file start_5.pdb (PDB, C-alpha atoms and all ligand atoms)
MODEL        1
ATOM      1  CA  MET Y   1     -41.458 -11.648 -42.391
ATOM      2  CA  SER Y   2     -43.706 -14.572 -42.933
ATOM      3  CA  SER Y   3     -42.615 -18.015 -41.943
ATOM      4  CA  SER Y   4     -41.637 -20.558 -44.548
ATOM      5  CA  ARG Y   5     -39.930 -23.928 -44.387
ATOM      6  CA  ARG Y   6     -38.143 -22.873 -47.556
ATOM      7  CA  ASN Y   7     -36.345 -20.227 -45.512
ATOM      8  CA  GLU Y   8     -34.478 -22.945 -43.659
ATOM      9  CA  ARG Y   9     -33.292 -24.675 -46.802
ATOM     10  CA  TRP Y  10     -32.478 -21.556 -48.818
ATOM     11  CA  PRO Y  11     -31.742 -18.783 -46.371
ATOM     12  CA  LEU Y  12     -30.886 -16.342 -49.188
ATOM     13  CA  ILE Y  13     -34.310 -16.354 -50.789
ATOM     14  CA  THR Y  14     -33.787 -12.774 -52.001
ATOM     15  CA  ASN Y  15     -31.097 -14.184 -54.273
ATOM     16  CA  THR Y  16     -32.622 -17.523 -55.238
ATOM     17  CA  ASN Y  17     -36.212 -16.395 -55.715
ATOM     18  CA  THR Y  18     -36.358 -12.646 -56.216
ATOM     19  CA  LYS Y  19     -40.048 -12.709 -57.181
ATOM     20  CA  SER Y  20     -41.346 -14.526 -54.115
ATOM     21  CA  PRO Y  21     -43.527 -12.637 -51.628
ATOM     22  CA  ILE Y  22     -40.850 -13.225 -48.998
ATOM     23  CA  SER Y  23     -38.263 -11.436 -51.144
ATOM     24  CA  GLU Y  24     -40.800  -8.674 -51.633
ATOM     25  CA  ALA Y  25     -41.169  -8.437 -47.855
ATOM     26  CA  TYR Y  26     -37.404  -7.900 -47.525
ATOM     27  CA  ARG Y  27     -37.578  -5.196 -50.198
ATOM     28  CA  ILE Y  28     -40.402  -3.528 -48.275
ATOM     29  CA  LEU Y  29     -38.159  -3.627 -45.207
ATOM     30  CA  ARG Y  30     -35.420  -1.915 -47.224
ATOM     31  CA  THR Y  31     -37.867   0.747 -48.388
ATOM     32  CA  ASN Y  32     -39.080   1.346 -44.852
ATOM     33  CA  ILE Y  33     -35.498   1.800 -43.676
ATOM     34  CA  GLU Y  34     -34.976   4.361 -46.438
ATOM     35  CA  PHE Y  35     -38.082   6.223 -45.270
ATOM     36  CA  SER Y  36     -36.674   6.364 -41.766
ATOM     37  CA  ASN Y  37     -33.475   7.769 -43.218
ATOM     38  CA  VAL Y  38     -34.719  11.246 -43.984
ATOM     39  CA  ASP Y  39     -31.550  12.920 -42.799
ATOM     40  CA  ARG Y  40     -29.462  10.516 -44.910
ATOM     41  CA  ASN Y  41     -26.986   9.471 -42.262
ATOM     42  CA  LEU Y  42     -27.851   5.799 -41.978
ATOM     43  CA  LYS Y  43     -24.848   3.960 -43.278
ATOM     44  CA  CYS Y  44     -24.322   1.278 -40.683
ATOM     45  CA  ILE Y  45     -27.334  -0.756 -39.575
ATOM     46  CA  MET Y  46     -27.323  -3.462 -36.952
ATOM     47  CA  PHE Y  47     -29.685  -6.388 -36.433
ATOM     48  CA  ALA Y  48     -30.438  -7.410 -32.872
ATOM     49  CA  SER Y  49     -32.893  -9.638 -31.045
ATOM     50  CA  SER Y  50     -33.677 -10.533 -27.450
ATOM     51  CA  GLN Y  51     -33.011 -14.231 -27.737
ATOM     52  CA  PHE Y  52     -31.452 -16.937 -29.872
ATOM     53  CA  GLY Y  53     -32.981 -17.990 -33.147
ATOM     54  CA  GLU Y  54     -35.376 -15.095 -33.749
ATOM     55  CA  GLY Y  55     -34.042 -14.504 -37.265
ATOM     56  CA  LYS Y  56     -31.314 -11.829 -37.041
ATOM     57  CA  SER Y  57     -28.852 -13.559 -39.343
ATOM     58  CA  THR Y  58     -31.467 -14.540 -41.933
ATOM     59  CA  THR Y  59     -32.919 -11.027 -41.998
ATOM     60  CA  ALA Y  60     -29.502  -9.313 -42.051
ATOM     61  CA  SER Y  61     -28.262 -11.426 -44.972
ATOM     62  CA  ASN Y  62     -31.423 -11.006 -47.042
ATOM     63  CA  LEU Y  63     -31.535  -7.286 -46.408
ATOM     64  CA  ALA Y  64     -27.879  -7.062 -47.473
ATOM     65  CA  VAL Y  65     -28.788  -8.838 -50.732
ATOM     66  CA  THR Y  66     -31.703  -6.482 -51.433
ATOM     67  CA  TYR Y  67     -29.464  -3.463 -50.847
ATOM     68  CA  ALA Y  68     -26.811  -4.925 -53.153
ATOM     69  CA  GLN Y  69     -29.524  -5.410 -55.798
ATOM     70  CA  THR Y  70     -29.910  -1.623 -55.909
ATOM     71  CA  ASN Y  71     -26.283  -1.346 -57.077
ATOM     72  CA  ARG Y  72     -25.000  -0.014 -53.808
ATOM     73  CA  LYS Y  73     -21.715  -1.319 -52.465
ATOM     74  CA  VAL Y  74     -22.753  -3.342 -49.450
ATOM     75  CA  LEU Y  75     -20.768  -4.998 -46.662
ATOM     76  CA  LEU Y  76     -22.242  -7.545 -44.260
ATOM     77  CA  ILE Y  77     -20.236  -8.085 -41.055
ATOM     78  CA  ASP Y  78     -20.857 -11.072 -38.805
ATOM     79  CA  CYS Y  79     -20.264  -9.603 -35.350
ATOM     80  CA  ASP Y  80     -21.712 -12.712 -33.727
ATOM     81  CA  MET Y  81     -18.388 -14.203 -32.725
ATOM     82  CA  ARG Y  82     -20.128 -16.675 -30.394
ATOM     83  CA  ARG Y  83     -22.515 -18.516 -32.737
ATOM     84  CA  PRO Y  84     -21.550 -17.163 -36.152
ATOM     85  CA  SER Y  85     -23.663 -18.091 -39.155
ATOM     86  CA  GLN Y  86     -23.012 -15.768 -42.095
ATOM     87  CA  HIS Y  87     -20.242 -18.049 -43.403
ATOM     88  CA  HIS Y  88     -22.824 -20.863 -43.553
ATOM     89  CA  ILE Y  89     -25.419 -18.666 -45.258
ATOM     90  CA  PHE Y  90     -22.923 -17.463 -47.916
ATOM     91  CA  MET Y  91     -20.978 -20.743 -47.990
ATOM     92  CA  LEU Y  92     -17.661 -19.061 -47.149
ATOM     93  CA  SER Y  93     -14.680 -20.245 -45.143
ATOM     94  CA  ASN Y  94     -14.619 -19.097 -41.523
ATOM     95  CA  ARG Y  95     -10.888 -19.685 -41.119
ATOM     96  CA  TYR Y  96     -10.163 -15.958 -40.957
ATOM     97  CA  GLY Y  97     -12.624 -13.236 -40.151
ATOM     98  CA  LEU Y  98     -13.454 -10.404 -37.802
ATOM     99  CA  SER Y  99     -11.901 -12.138 -34.773
ATOM    100  CA  SER Y 100      -8.648 -12.699 -36.696
ATOM    101  CA  TYR Y 101      -8.419  -9.036 -37.653
ATOM    102  CA  LEU Y 102      -9.355  -7.688 -34.227
ATOM    103  CA  SER Y 103      -6.738  -9.919 -32.608
ATOM    104  CA  HIS Y 104      -4.046  -8.612 -35.004
ATOM    105  CA  GLN Y 105      -3.577 -11.836 -36.936
ATOM    106  CA  VAL Y 106      -4.427 -10.542 -40.417
ATOM    107  CA  ASP Y 107      -4.918  -7.271 -42.307
ATOM    108  CA  LEU Y 108      -8.308  -5.774 -43.041
ATOM    109  CA  ASP Y 109      -8.247  -6.467 -46.776
ATOM    110  CA  GLU Y 110      -7.697 -10.162 -46.043
ATOM    111  CA  ILE Y 111     -11.044 -10.508 -44.284
ATOM    112  CA  ILE Y 112     -13.246  -8.623 -46.755
ATOM    113  CA  VAL Y 113     -14.512 -11.354 -49.057
ATOM    114  CA  ASP Y 114     -16.632 -11.062 -52.204
ATOM    115  CA  SER Y 115     -19.840 -13.037 -52.012
ATOM    116  CA  THR Y 116     -21.208 -14.583 -55.204
ATOM    117  CA  ILE Y 117     -23.741 -11.747 -55.267
ATOM    118  CA  PRO Y 118     -22.618  -8.644 -57.177
ATOM    119  CA  ASN Y 119     -21.918  -5.591 -54.947
ATOM    120  CA  LEU Y 120     -22.036  -7.643 -51.763
ATOM    121  CA  SER Y 121     -18.937  -8.276 -49.647
ATOM    122  CA  VAL Y 122     -18.875 -10.188 -46.380
ATOM    123  CA  ILE Y 123     -16.686 -10.193 -43.292
ATOM    124  CA  VAL Y 124     -17.271 -13.540 -41.591
ATOM    125  CA  ALA Y 125     -16.874 -13.849 -37.828
ATOM    126  CA  GLY Y 126     -13.720 -15.966 -37.880
ATOM    127  CA  PRO Y 127     -12.661 -18.536 -35.261
ATOM    128  CA  ILE Y 128     -14.517 -18.140 -31.964
ATOM    129  CA  PRO Y 129     -12.362 -15.989 -29.650
ATOM    130  CA  PRO Y 130     -12.354 -16.165 -25.822
ATOM    131  CA  ASN Y 131     -13.238 -12.446 -25.499
ATOM    132  CA  PRO Y 132     -15.793 -11.313 -28.125
ATOM    133  CA  SER Y 133     -17.133  -8.374 -26.075
ATOM    134  CA  GLU Y 134     -13.645  -7.047 -25.480
ATOM    135  CA  LEU Y 135     -12.815  -7.306 -29.180
ATOM    136  CA  LEU Y 136     -16.009  -5.460 -30.168
ATOM    137  CA  ALA Y 137     -15.283  -2.712 -27.633
ATOM    138  CA  SER Y 138     -11.698  -2.268 -28.874
ATOM    139  CA  LYS Y 139     -10.345   0.827 -30.609
ATOM    140  CA  ARG Y 140      -9.382  -1.419 -33.509
ATOM    141  CA  MET Y 141     -13.066  -2.265 -34.055
ATOM    142  CA  SER Y 142     -14.262   1.353 -34.112
ATOM    143  CA  ALA Y 143     -11.335   2.416 -36.314
ATOM    144  CA  MET Y 144     -12.117  -0.464 -38.672
ATOM    145  CA  LEU Y 145     -15.723   0.659 -39.048
ATOM    146  CA  GLU Y 146     -14.659   4.250 -39.674
ATOM    147  CA  GLN Y 147     -12.444   3.041 -42.499
ATOM    148  CA  LEU Y 148     -15.135   0.744 -43.935
ATOM    149  CA  ARG Y 149     -17.674   3.578 -43.950
ATOM    150  CA  GLU Y 150     -15.438   5.251 -46.539
ATOM    151  CA  GLN Y 151     -15.307   2.137 -48.705
ATOM    152  CA  PHE Y 152     -18.965   1.030 -48.688
ATOM    153  CA  ASP Y 153     -22.361   2.625 -49.241
ATOM    154  CA  MET Y 154     -24.058   0.422 -46.650
ATOM    155  CA  ILE Y 155     -22.794  -1.734 -43.796
ATOM    156  CA  ILE Y 156     -25.059  -4.341 -42.187
ATOM    157  CA  ILE Y 157     -24.101  -5.956 -38.905
ATOM    158  CA  ASP Y 158     -25.249  -9.250 -37.366
ATOM    159  CA  THR Y 159     -24.977  -9.719 -33.585
ATOM    160  CA  PRO Y 160     -25.641 -12.208 -30.738
ATOM    161  CA  PRO Y 161     -28.854 -11.938 -28.663
ATOM    162  CA  ILE Y 162     -29.174  -8.884 -26.407
ATOM    163  CA  MET Y 163     -30.379 -10.810 -23.357
ATOM    164  CA  ALA Y 164     -27.450 -13.256 -23.477
ATOM    165  CA  VAL Y 165     -24.372 -11.026 -23.688
ATOM    166  CA  ALA Y 166     -23.289  -7.377 -23.957
ATOM    167  CA  ASP Y 167     -22.001  -7.680 -27.544
ATOM    168  CA  ALA Y 168     -25.076  -6.218 -29.226
ATOM    169  CA  GLN Y 169     -25.114  -3.238 -26.871
ATOM    170  CA  ILE Y 170     -21.440  -2.606 -27.616
ATOM    171  CA  ALA Y 171     -21.950  -2.918 -31.371
ATOM    172  CA  ALA Y 172     -25.002  -0.623 -31.195
ATOM    173  CA  THR Y 173     -22.786   2.250 -30.044
ATOM    174  CA  LEU Y 174     -20.867   1.934 -33.326
ATOM    175  CA  CYS Y 175     -23.910   1.840 -35.638
ATOM    176  CA  ASP Y 176     -26.279   4.511 -36.913
ATOM    177  CA  GLY Y 177     -29.405   2.469 -36.306
ATOM    178  CA  VAL Y 178     -30.675  -0.795 -34.865
ATOM    179  CA  LEU Y 179     -33.438  -3.084 -36.103
ATOM    180  CA  LEU Y 180     -34.931  -5.359 -33.497
ATOM    181  CA  VAL Y 181     -35.981  -8.733 -34.908
ATOM    182  CA  MET Y 182     -38.735 -10.445 -32.951
ATOM    183  CA  ASP Y 183     -40.009 -13.960 -33.320
ATOM    184  CA  SER Y 184     -43.710 -13.203 -33.404
ATOM    185  CA  GLY Y 185     -44.726 -16.507 -31.851
ATOM    186  CA  ARG Y 186     -42.157 -16.835 -29.118
ATOM    187  CA  VAL Y 187     -40.834 -13.688 -27.488
ATOM    188  CA  LYS Y 188     -42.624 -12.371 -24.442
ATOM    189  CA  ARG Y 189     -43.494  -8.725 -24.129
ATOM    190  CA  GLU Y 190     -41.403  -8.162 -20.966
ATOM    191  CA  ILE Y 191     -38.310  -9.639 -22.587
ATOM    192  CA  ALA Y 192     -38.794  -7.535 -25.699
ATOM    193  CA  MET Y 193     -39.199  -4.418 -23.524
ATOM    194  CA  LYS Y 194     -36.040  -5.283 -21.572
ATOM    195  CA  SER Y 195     -34.054  -5.615 -24.785
ATOM    196  CA  LYS Y 196     -35.349  -2.288 -25.986
ATOM    197  CA  GLN Y 197     -34.305  -0.702 -22.687
ATOM    198  CA  LYS Y 198     -30.842  -2.218 -22.949
ATOM    199  CA  LEU Y 199     -30.440  -0.640 -26.379
ATOM    200  CA  GLU Y 200     -31.799   2.687 -25.175
ATOM    201  CA  HIS Y 201     -29.379   2.535 -22.281
ATOM    202  CA  VAL Y 202     -26.467   2.795 -24.728
ATOM    203  CA  LYS Y 203     -28.356   5.502 -26.686
ATOM    204  CA  ALA Y 204     -28.893   3.296 -29.724
ATOM    205  CA  ARG Y 205     -31.173   4.661 -32.421
ATOM    206  CA  ILE Y 206     -33.875   2.013 -32.733
ATOM    207  CA  LEU Y 207     -35.215   2.201 -36.267
ATOM    208  CA  GLY Y 208     -37.999  -0.290 -35.728
ATOM    209  CA  VAL Y 209     -39.019  -3.870 -35.155
ATOM    210  CA  VAL Y 210     -39.031  -6.666 -37.720
ATOM    211  CA  LEU Y 211     -41.803  -9.055 -36.769
ATOM    212  CA  ASN Y 212     -40.484 -12.388 -37.935
ATOM    213  CA  LYS Y 213     -41.890 -15.892 -38.412
ATOM    214  CA  ILE Y 214     -45.466 -14.752 -38.780
ATOM    215  CA  SER Y 215     -47.565 -17.827 -39.413
ATOM    216  CA  ARG Y 216     -48.566 -18.523 -42.982
ATOM    217  CA  LYS Y 217     -52.246 -18.345 -42.093
ATOM    218  CA  ASN Y 218     -51.989 -14.766 -40.883
ATOM    219  CA  ALA Y 219     -49.490 -13.691 -43.524
ATOM    220  CA  ASN Y 220     -51.484 -14.773 -46.560
ATOM    221  CA  SER Y 221     -54.055 -12.032 -46.399
ATOM    222  CA  TYR Y 222     -51.218  -9.529 -46.297
ATOM    223  CA  TYR Y 223     -49.630 -11.016 -49.397
ATOM    224  CA  TYR Y 224     -52.898 -11.176 -51.289
ATOM    225  CA  TYR Y 225     -53.410  -7.546 -50.469
ATOM    226  CA  TYR Y 226     -50.194  -6.780 -52.292
ATOM    227  CA  TYR Y 227     -50.376  -9.303 -55.090
ATOM    228  CA  GLY Y 228     -53.956 -10.428 -55.502
ATOM    229  CA  ASP Y 229     -52.569 -13.765 -56.660
ATOM    230  CA  ARG Y 230     -53.514 -16.827 -54.671
ATOM    231  CA  ASP Y 231     -51.019 -19.099 -56.397
ATOM    232  CA  GLN Y 232     -48.070 -17.126 -55.171
ATOM    233  CA  GLY Y 233     -48.931 -18.066 -51.606
ATOM    234  CA  GLU Y 234     -47.462 -21.555 -51.846
ATOM    235  CA  GLU Y 235     -44.544 -20.471 -54.006
ATOM    236  CA  ALA Y 236     -43.101 -18.204 -51.331
TER     237      ALA Y 236
HETATM  238  N1  LIG Y 301     -39.178 -15.697 -41.574
HETATM  239  C1  LIG Y 301     -38.742 -16.919 -41.272
HETATM  240  N2  LIG Y 301     -39.522 -17.996 -41.514
HETATM  241  C2  LIG Y 301     -39.112 -19.240 -41.203
HETATM  242  N3  LIG Y 301     -37.934 -19.536 -40.657
HETATM  243  C3  LIG Y 301     -37.117 -18.517 -40.385
HETATM  244  C4  LIG Y 301     -37.468 -17.147 -40.675
HETATM  245  N4  LIG Y 301     -36.426 -16.348 -40.304
HETATM  246  C5  LIG Y 301     -35.498 -17.188 -39.793
HETATM  247  N5  LIG Y 301     -35.901 -18.462 -39.853
HETATM  248  C6  LIG Y 301     -35.196 -19.672 -39.401
HETATM  249  O1  LIG Y 301     -35.040 -19.599 -37.995
HETATM  250  C7  LIG Y 301     -33.791 -20.129 -37.610
HETATM  251  C8  LIG Y 301     -33.025 -19.062 -36.837
HETATM  252  O2  LIG Y 301     -32.783 -17.992 -37.715
HETATM  253  P1  LIG Y 301     -31.457 -17.139 -37.625
HETATM  254  O3  LIG Y 301     -30.256 -17.999 -37.570
HETATM  255  O4  LIG Y 301     -31.544 -16.110 -38.691
HETATM  256  O5  LIG Y 301     -31.713 -16.489 -36.189
HETATM  257  P2  LIG Y 301     -30.700 -15.689 -35.282
HETATM  258  O6  LIG Y 301     -31.512 -14.695 -34.532
HETATM  259  O7  LIG Y 301     -29.582 -15.178 -36.092
HETATM  260  O8  LIG Y 301     -30.201 -16.838 -34.311
HETATM  261  P3  LIG Y 301     -28.945 -16.800 -33.323
HETATM  262  O9  LIG Y 301     -29.370 -15.967 -32.165
HETATM  263  O10 LIG Y 301     -28.725 -18.235 -32.968
HETATM  264  O11 LIG Y 301     -27.806 -16.200 -34.079
HETATM  265  C9  LIG Y 301     -33.077 -20.555 -38.887
HETATM  266  O12 LIG Y 301     -33.261 -21.922 -39.064
HETATM  267  C10 LIG Y 301     -33.790 -19.756 -39.961
HETATM  268  O13 LIG Y 301     -33.765 -20.426 -41.210
HETATM  269 MG    MG Y 302     -27.533 -15.394 -35.873
ENDMDL
END

call {"tool": "encode", "arguments": {"input": "start_5.pdb", "output": "structure tokens"}}
result
Amino acid sequence: MSSSRRNERWPLITNTNTKSPISEAYRILRTNIEFSNVDRNLKCIMFASSQFGEGKSTTASNLAVTYAQTNRKVLLIDCDMRRPSQHHIFMLSNRYGLSSYLSHQVDLDEIIVDSTIPNLSVIVAGPIPPNPSELLASKRMSAMLEQLREQFDMIIIDTPPIMAVADAQIAATLCDGVLLVMDSGRVKREIAMKSKQKLEHVKARILGVVLNKISRKNANSYYYYYYGDRDQGEEA
């Protein structure tokens, strides 16, 4: 994904500006995931990254929007119960969410919320619990996902950084595939390799890497290759 200051102001660019090259990049990501899904068993996809701020939540939410735009019933779950952000991105209340359900405070249907985008529902993280890893590893969590797999065509999961806590590794065991988001300008090779090993350790199926925050200078030639339209560069 190329870097844009607009991303920070309008994180859901796939909804606000469907024609921009950035939205096109998210659609290409969706297509590439479909290509990797030859045996058609990819229903639950997780976004992970080594460190904070590499772009997991932004990529997960925009990918969820592009899936919903293909008329599939999509659910985005914020499993980052430490620094949740999907409620900010979708402007939803975080009063109840995943943590509330997993700690037996509410029923499942109370935490599945419609976003303003057709076909896209969201489960926000909820109030920050003292034991996120324990909640993710609970039987209630795996049973919940089994049930949701019946209700939705695609489930997309957002997680905390792999190098910080075990949450992403735990969540990976419940998903069909993992996409590793990497901040192209920041993350060191050894750290990226360590994260990959941590995912392999729990036998996660790594679908690929999303190279994020590629500088505009380098990204432009890629866009022009696709669009041949110089003016679109600044509109992204
Ligand atoms: N392609 C991009 N270009 C420019 N900015 C981006 C891009 N992707 C994400 N960002 C910005 O980077 C910041 C971090 O992104 P985001 O919250 O998605 O990362 P994260 O990996 O979920 O972080 P955390 O680990 O804290 O949950 C946000 O301000 C977001 O708007
Ligand atoms: Mg995040």

call {"tool": "resolve_selection", "arguments": {"input": "start_5.pdb", "expression": "the PyMOL selection byres (((not hetatm)) within 6 of (chain Y and resi 302))", "output": "compact mmCIF listing (two decimals) with C-alpha atoms, keeping the file's coordinate frame"}}
result
# COMPACT_ATOMS: atom_id res chain seq x y z
CA LYS Y 56 -31.31 -11.83 -37.04
CA SER Y 57 -28.85 -13.56 -39.34
CA SER Y 85 -23.66 -18.09 -39.16

call {"tool": "residues_around", "arguments": {"input": "start_5.pdb", "residues": "Gln69 in chain Y", "least_positions_apart": "6", "cutoff": "9 Å", "atoms": "only C-alpha atoms", "output": "VMD selection string"}}
result
chain Y and resid 117 to 120

call {"tool": "closest_residue", "arguments": {"input": "start_5.pdb", "among": "Y:Thr16, Y:Thr173, Y:Thr159, Y:Gln197", "to": "Phe47 in chain Y", "atoms": "all atoms listed in the file"}}
result
Y:Thr159

call {"tool": "residues_around", "arguments": {"input": "start_5.pdb", "residues": "Leu98 in chain Y", "least_positions_apart": "6", "cutoff": "12 Å", "atoms": "all atoms listed in the file", "output": "PDB file with C-alpha atoms, in the coordinates of the input"}}
result
ATOM      1  CA  LEU Y  76     -22.242  -7.545 -44.260  1.00  0.00           C
ATOM      2  CA  ILE Y  77     -20.236  -8.085 -41.055  1.00  0.00           C
ATOM      3  CA  ASP Y  78     -20.857 -11.072 -38.805  1.00  0.00           C
ATOM      4  CA  CYS Y  79     -20.264  -9.603 -35.350  1.00  0.00           C
ATOM      5  CA  ASP Y  80     -21.712 -12.712 -33.727  1.00  0.00           C
ATOM      6  CA  MET Y  81     -18.388 -14.203 -32.725  1.00  0.00           C
ATOM      7  CA  ARG Y  82     -20.128 -16.675 -30.394  1.00  0.00           C
ATOM      8  CA  PRO Y  84     -21.550 -17.163 -36.152  1.00  0.00           C
ATOM      9  CA  GLN Y  86     -23.012 -15.768 -42.095  1.00  0.00           C
ATOM     10  CA  HIS Y  87     -20.242 -18.049 -43.403  1.00  0.00           C
ATOM     11  CA  HIS Y 104      -4.046  -8.612 -35.004  1.00  0.00           C
ATOM     12  CA  GLN Y 105      -3.577 -11.836 -36.936  1.00  0.00           C
ATOM     13  CA  VAL Y 106      -4.427 -10.542 -40.417  1.00  0.00           C
ATOM     14  CA  ASP Y 107      -4.918  -7.271 -42.307  1.00  0.00           C
ATOM     15  CA  LEU Y 108      -8.308  -5.774 -43.041  1.00  0.00           C
ATOM     16  CA  ASP Y 109      -8.247  -6.467 -46.776  1.00  0.00           C
ATOM     17  CA  GLU Y 110      -7.697 -10.162 -46.043  1.00  0.00           C
ATOM     18  CA  ILE Y 111     -11.044 -10.508 -44.284  1.00  0.00           C
ATOM     19  CA  ILE Y 112     -13.246  -8.623 -46.755  1.00  0.00           C
ATOM     20  CA  VAL Y 113     -14.512 -11.354 -49.057  1.00  0.00           C
ATOM     21  CA  VAL Y 122     -18.875 -10.188 -46.380  1.00  0.00           C
ATOM     22  CA  ILE Y 123     -16.686 -10.193 -43.292  1.00  0.00           C
ATOM     23  CA  VAL Y 124     -17.271 -13.540 -41.591  1.00  0.00           C
ATOM     24  CA  ALA Y 125     -16.874 -13.849 -37.828  1.00  0.00           C
ATOM     25  CA  GLY Y 126     -13.720 -15.966 -37.880  1.00  0.00           C
ATOM     26  CA  PRO Y 127     -12.661 -18.536 -35.261  1.00  0.00           C
ATOM     27  CA  ILE Y 128     -14.517 -18.140 -31.964  1.00  0.00           C
ATOM     28  CA  PRO Y 129     -12.362 -15.989 -29.650  1.00  0.00           C
ATOM     29  CA  PRO Y 132     -15.793 -11.313 -28.125  1.00  0.00           C
ATOM     30  CA  LEU Y 135     -12.815  -7.306 -29.180  1.00  0.00           C
ATOM     31  CA  LEU Y 136     -16.009  -5.460 -30.168  1.00  0.00           C
ATOM     32  CA  ARG Y 140      -9.382  -1.419 -33.509  1.00  0.00           C
ATOM     33  CA  MET Y 141     -13.066  -2.265 -34.055  1.00  0.00           C
ATOM     34  CA  MET Y 144     -12.117  -0.464 -38.672  1.00  0.00           C
ATOM     35  CA  LEU Y 145     -15.723   0.659 -39.048  1.00  0.00           C
ATOM     36  CA  ILE Y 157     -24.101  -5.956 -38.905  1.00  0.00           C
ATOM     37  CA  ASP Y 158     -25.249  -9.250 -37.366  1.00  0.00           C
TER      38      ASP Y 158
END

call {"tool": "closest_residue", "arguments": {"input": "start_5.pdb", "among": "Y:Arg149, Y:Leu211, Y:Ala137, Y:Met91", "to": "Gly185 in chain Y", "atoms": "all atoms listed in the file"}}
result
Y:Leu211

call {"tool": "atom_distance", "arguments": {"input": "start_5.pdb", "atom1": "CA of Ile162 in chain Y", "atom2": "CA of Ser50 in chain Y"}}
result
4.9 Å

call {"tool": "axis_aligned_box", "arguments": {"input": "start_5.pdb", "around": "ligand LIG 301 (chain Y)", "padding_each_side": "3 Å", "output": "lines of an AutoDock Vina configuration file"}}
result
center_x = -33.7
center_y = -18.3
center_z = -36.9
size_x = 17.7
size_y = 13.2
size_z = 15.4

call {"tool": "closest_residue", "arguments": {"input": "start_5.pdb", "among": "Y:His88, Y:Lys196, Y:Arg189, Y:Lys43", "to": "Gln169 in chain Y", "atoms": "all atoms listed in the file"}}
result
Y:Lys196

call {"tool": "residues_near_point", "arguments": {"input": "start_5.pdb", "point": "(-41.4, -13.7, -31.2)", "cutoff": "8 Å", "atoms": "all atoms listed in the file", "output": "list in words"}}
result
Glu54, Met182, Asp183, Ser184, Gly185, Arg186, Val187, Lys188, Leu211, Asn212 and Lys213 of chain Y

call {"tool": "atom_distance", "arguments": {"input": "start_5.pdb", "atom1": "CA of Ile13 in chain Y", "atom2": "CA of Asn62 in chain Y"}}
result
7.1 Å

call {"tool": "closest_residue", "arguments": {"input": "start_5.pdb", "among": "Y:Ser23, Y:Asn71, Y:Ser36, Y:Ser103", "to": "Pro11 in chain Y", "atoms": "all atoms listed in the file"}}
result
Y:Ser23

call {"tool": "residues_around", "arguments": {"input": "start_5.pdb", "residues": "Ala172 in chain Y", "least_positions_apart": "4", "cutoff": "9 Å", "atoms": "all atoms listed in the file", "output": "list in words"}}
result
Ile45, Met46, Ala48, Asp167, Ala168, Asp176, Gly177, Val178, Leu199, Val202, Lys203, Ala204 and Arg205 of chain Y

call {"tool": "closest_residue", "arguments": {"input": "start_5.pdb", "among": "Y:Thr66, Y:Asn41, Y:Thr14, Y:Gln51", "to": "ligand LIG 301 (chain Y)", "atoms": "all atoms listed in the file"}}
result
Y:Gln51

call {"tool": "decode", "arguments": {"input": "start_5.pdb", "residues": "range 120-131 of chain Y", "atoms": "N, CA and C atoms", "output": "mmCIF file, in the first residue's frame"}}
result
data_model
loop_
_atom_site.group_PDB
_atom_site.id
_atom_site.type_symbol
_atom_site.label_atom_id
_atom_site.label_comp_id
_atom_site.auth_asym_id
_atom_site.auth_seq_id
_atom_site.Cartn_x
_atom_site.Cartn_y
_atom_site.Cartn_z
ATOM 1 N N LEU Y 120 -21.448 -5.071 5.635
ATOM 2 C CA LEU Y 120 -20.299 -5.118 6.548
ATOM 3 C C LEU Y 120 -20.731 -4.915 8.005
ATOM 4 N N SER Y 121 -20.516 -5.957 8.806
ATOM 5 C CA SER Y 121 -20.779 -5.871 10.247
ATOM 6 C C SER Y 121 -19.448 -5.826 10.984
ATOM 7 N N VAL Y 122 -19.498 -5.279 12.197
ATOM 8 C CA VAL Y 122 -18.261 -5.123 12.974
ATOM 9 C C VAL Y 122 -18.498 -5.617 14.399
ATOM 10 N N ILE Y 123 -17.497 -6.310 14.948
ATOM 11 C CA ILE Y 123 -17.467 -6.555 16.387
ATOM 12 C C ILE Y 123 -16.305 -5.723 16.916
ATOM 13 N N VAL Y 124 -16.620 -4.694 17.692
ATOM 14 C CA VAL Y 124 -15.544 -3.854 18.242
ATOM 15 C C VAL Y 124 -14.893 -4.594 19.416
ATOM 16 N N ALA Y 125 -13.774 -4.082 19.881
ATOM 17 C CA ALA Y 125 -13.022 -4.815 20.911
ATOM 18 C C ALA Y 125 -13.699 -4.783 22.274
ATOM 19 N N GLY Y 126 -14.398 -3.677 22.567
ATOM 20 C CA GLY Y 126 -15.008 -3.540 23.888
ATOM 21 C C GLY Y 126 -14.015 -2.961 24.890
ATOM 22 N N PRO Y 127 -14.467 -2.765 26.149
ATOM 23 C CA PRO Y 127 -13.583 -2.203 27.170
ATOM 24 C C PRO Y 127 -12.340 -3.076 27.358
ATOM 25 N N ILE Y 128 -11.209 -2.442 27.617
ATOM 26 C CA ILE Y 128 -9.944 -3.175 27.708
ATOM 27 C C ILE Y 128 -9.958 -4.090 28.947
ATOM 28 N N PRO Y 129 -9.825 -5.404 28.710
ATOM 29 C CA PRO Y 129 -9.875 -6.355 29.830
ATOM 30 C C PRO Y 129 -8.484 -6.566 30.430
ATOM 31 N N PRO Y 130 -8.375 -7.143 31.628
ATOM 32 C CA PRO Y 130 -7.055 -7.375 32.216
ATOM 33 C C PRO Y 130 -6.331 -8.572 31.583
ATOM 34 N N ASN Y 131 -7.091 -9.438 30.865
ATOM 35 C CA ASN Y 131 -6.532 -10.719 30.411
ATOM 36 C C ASN Y 131 -6.835 -11.036 28.941
#
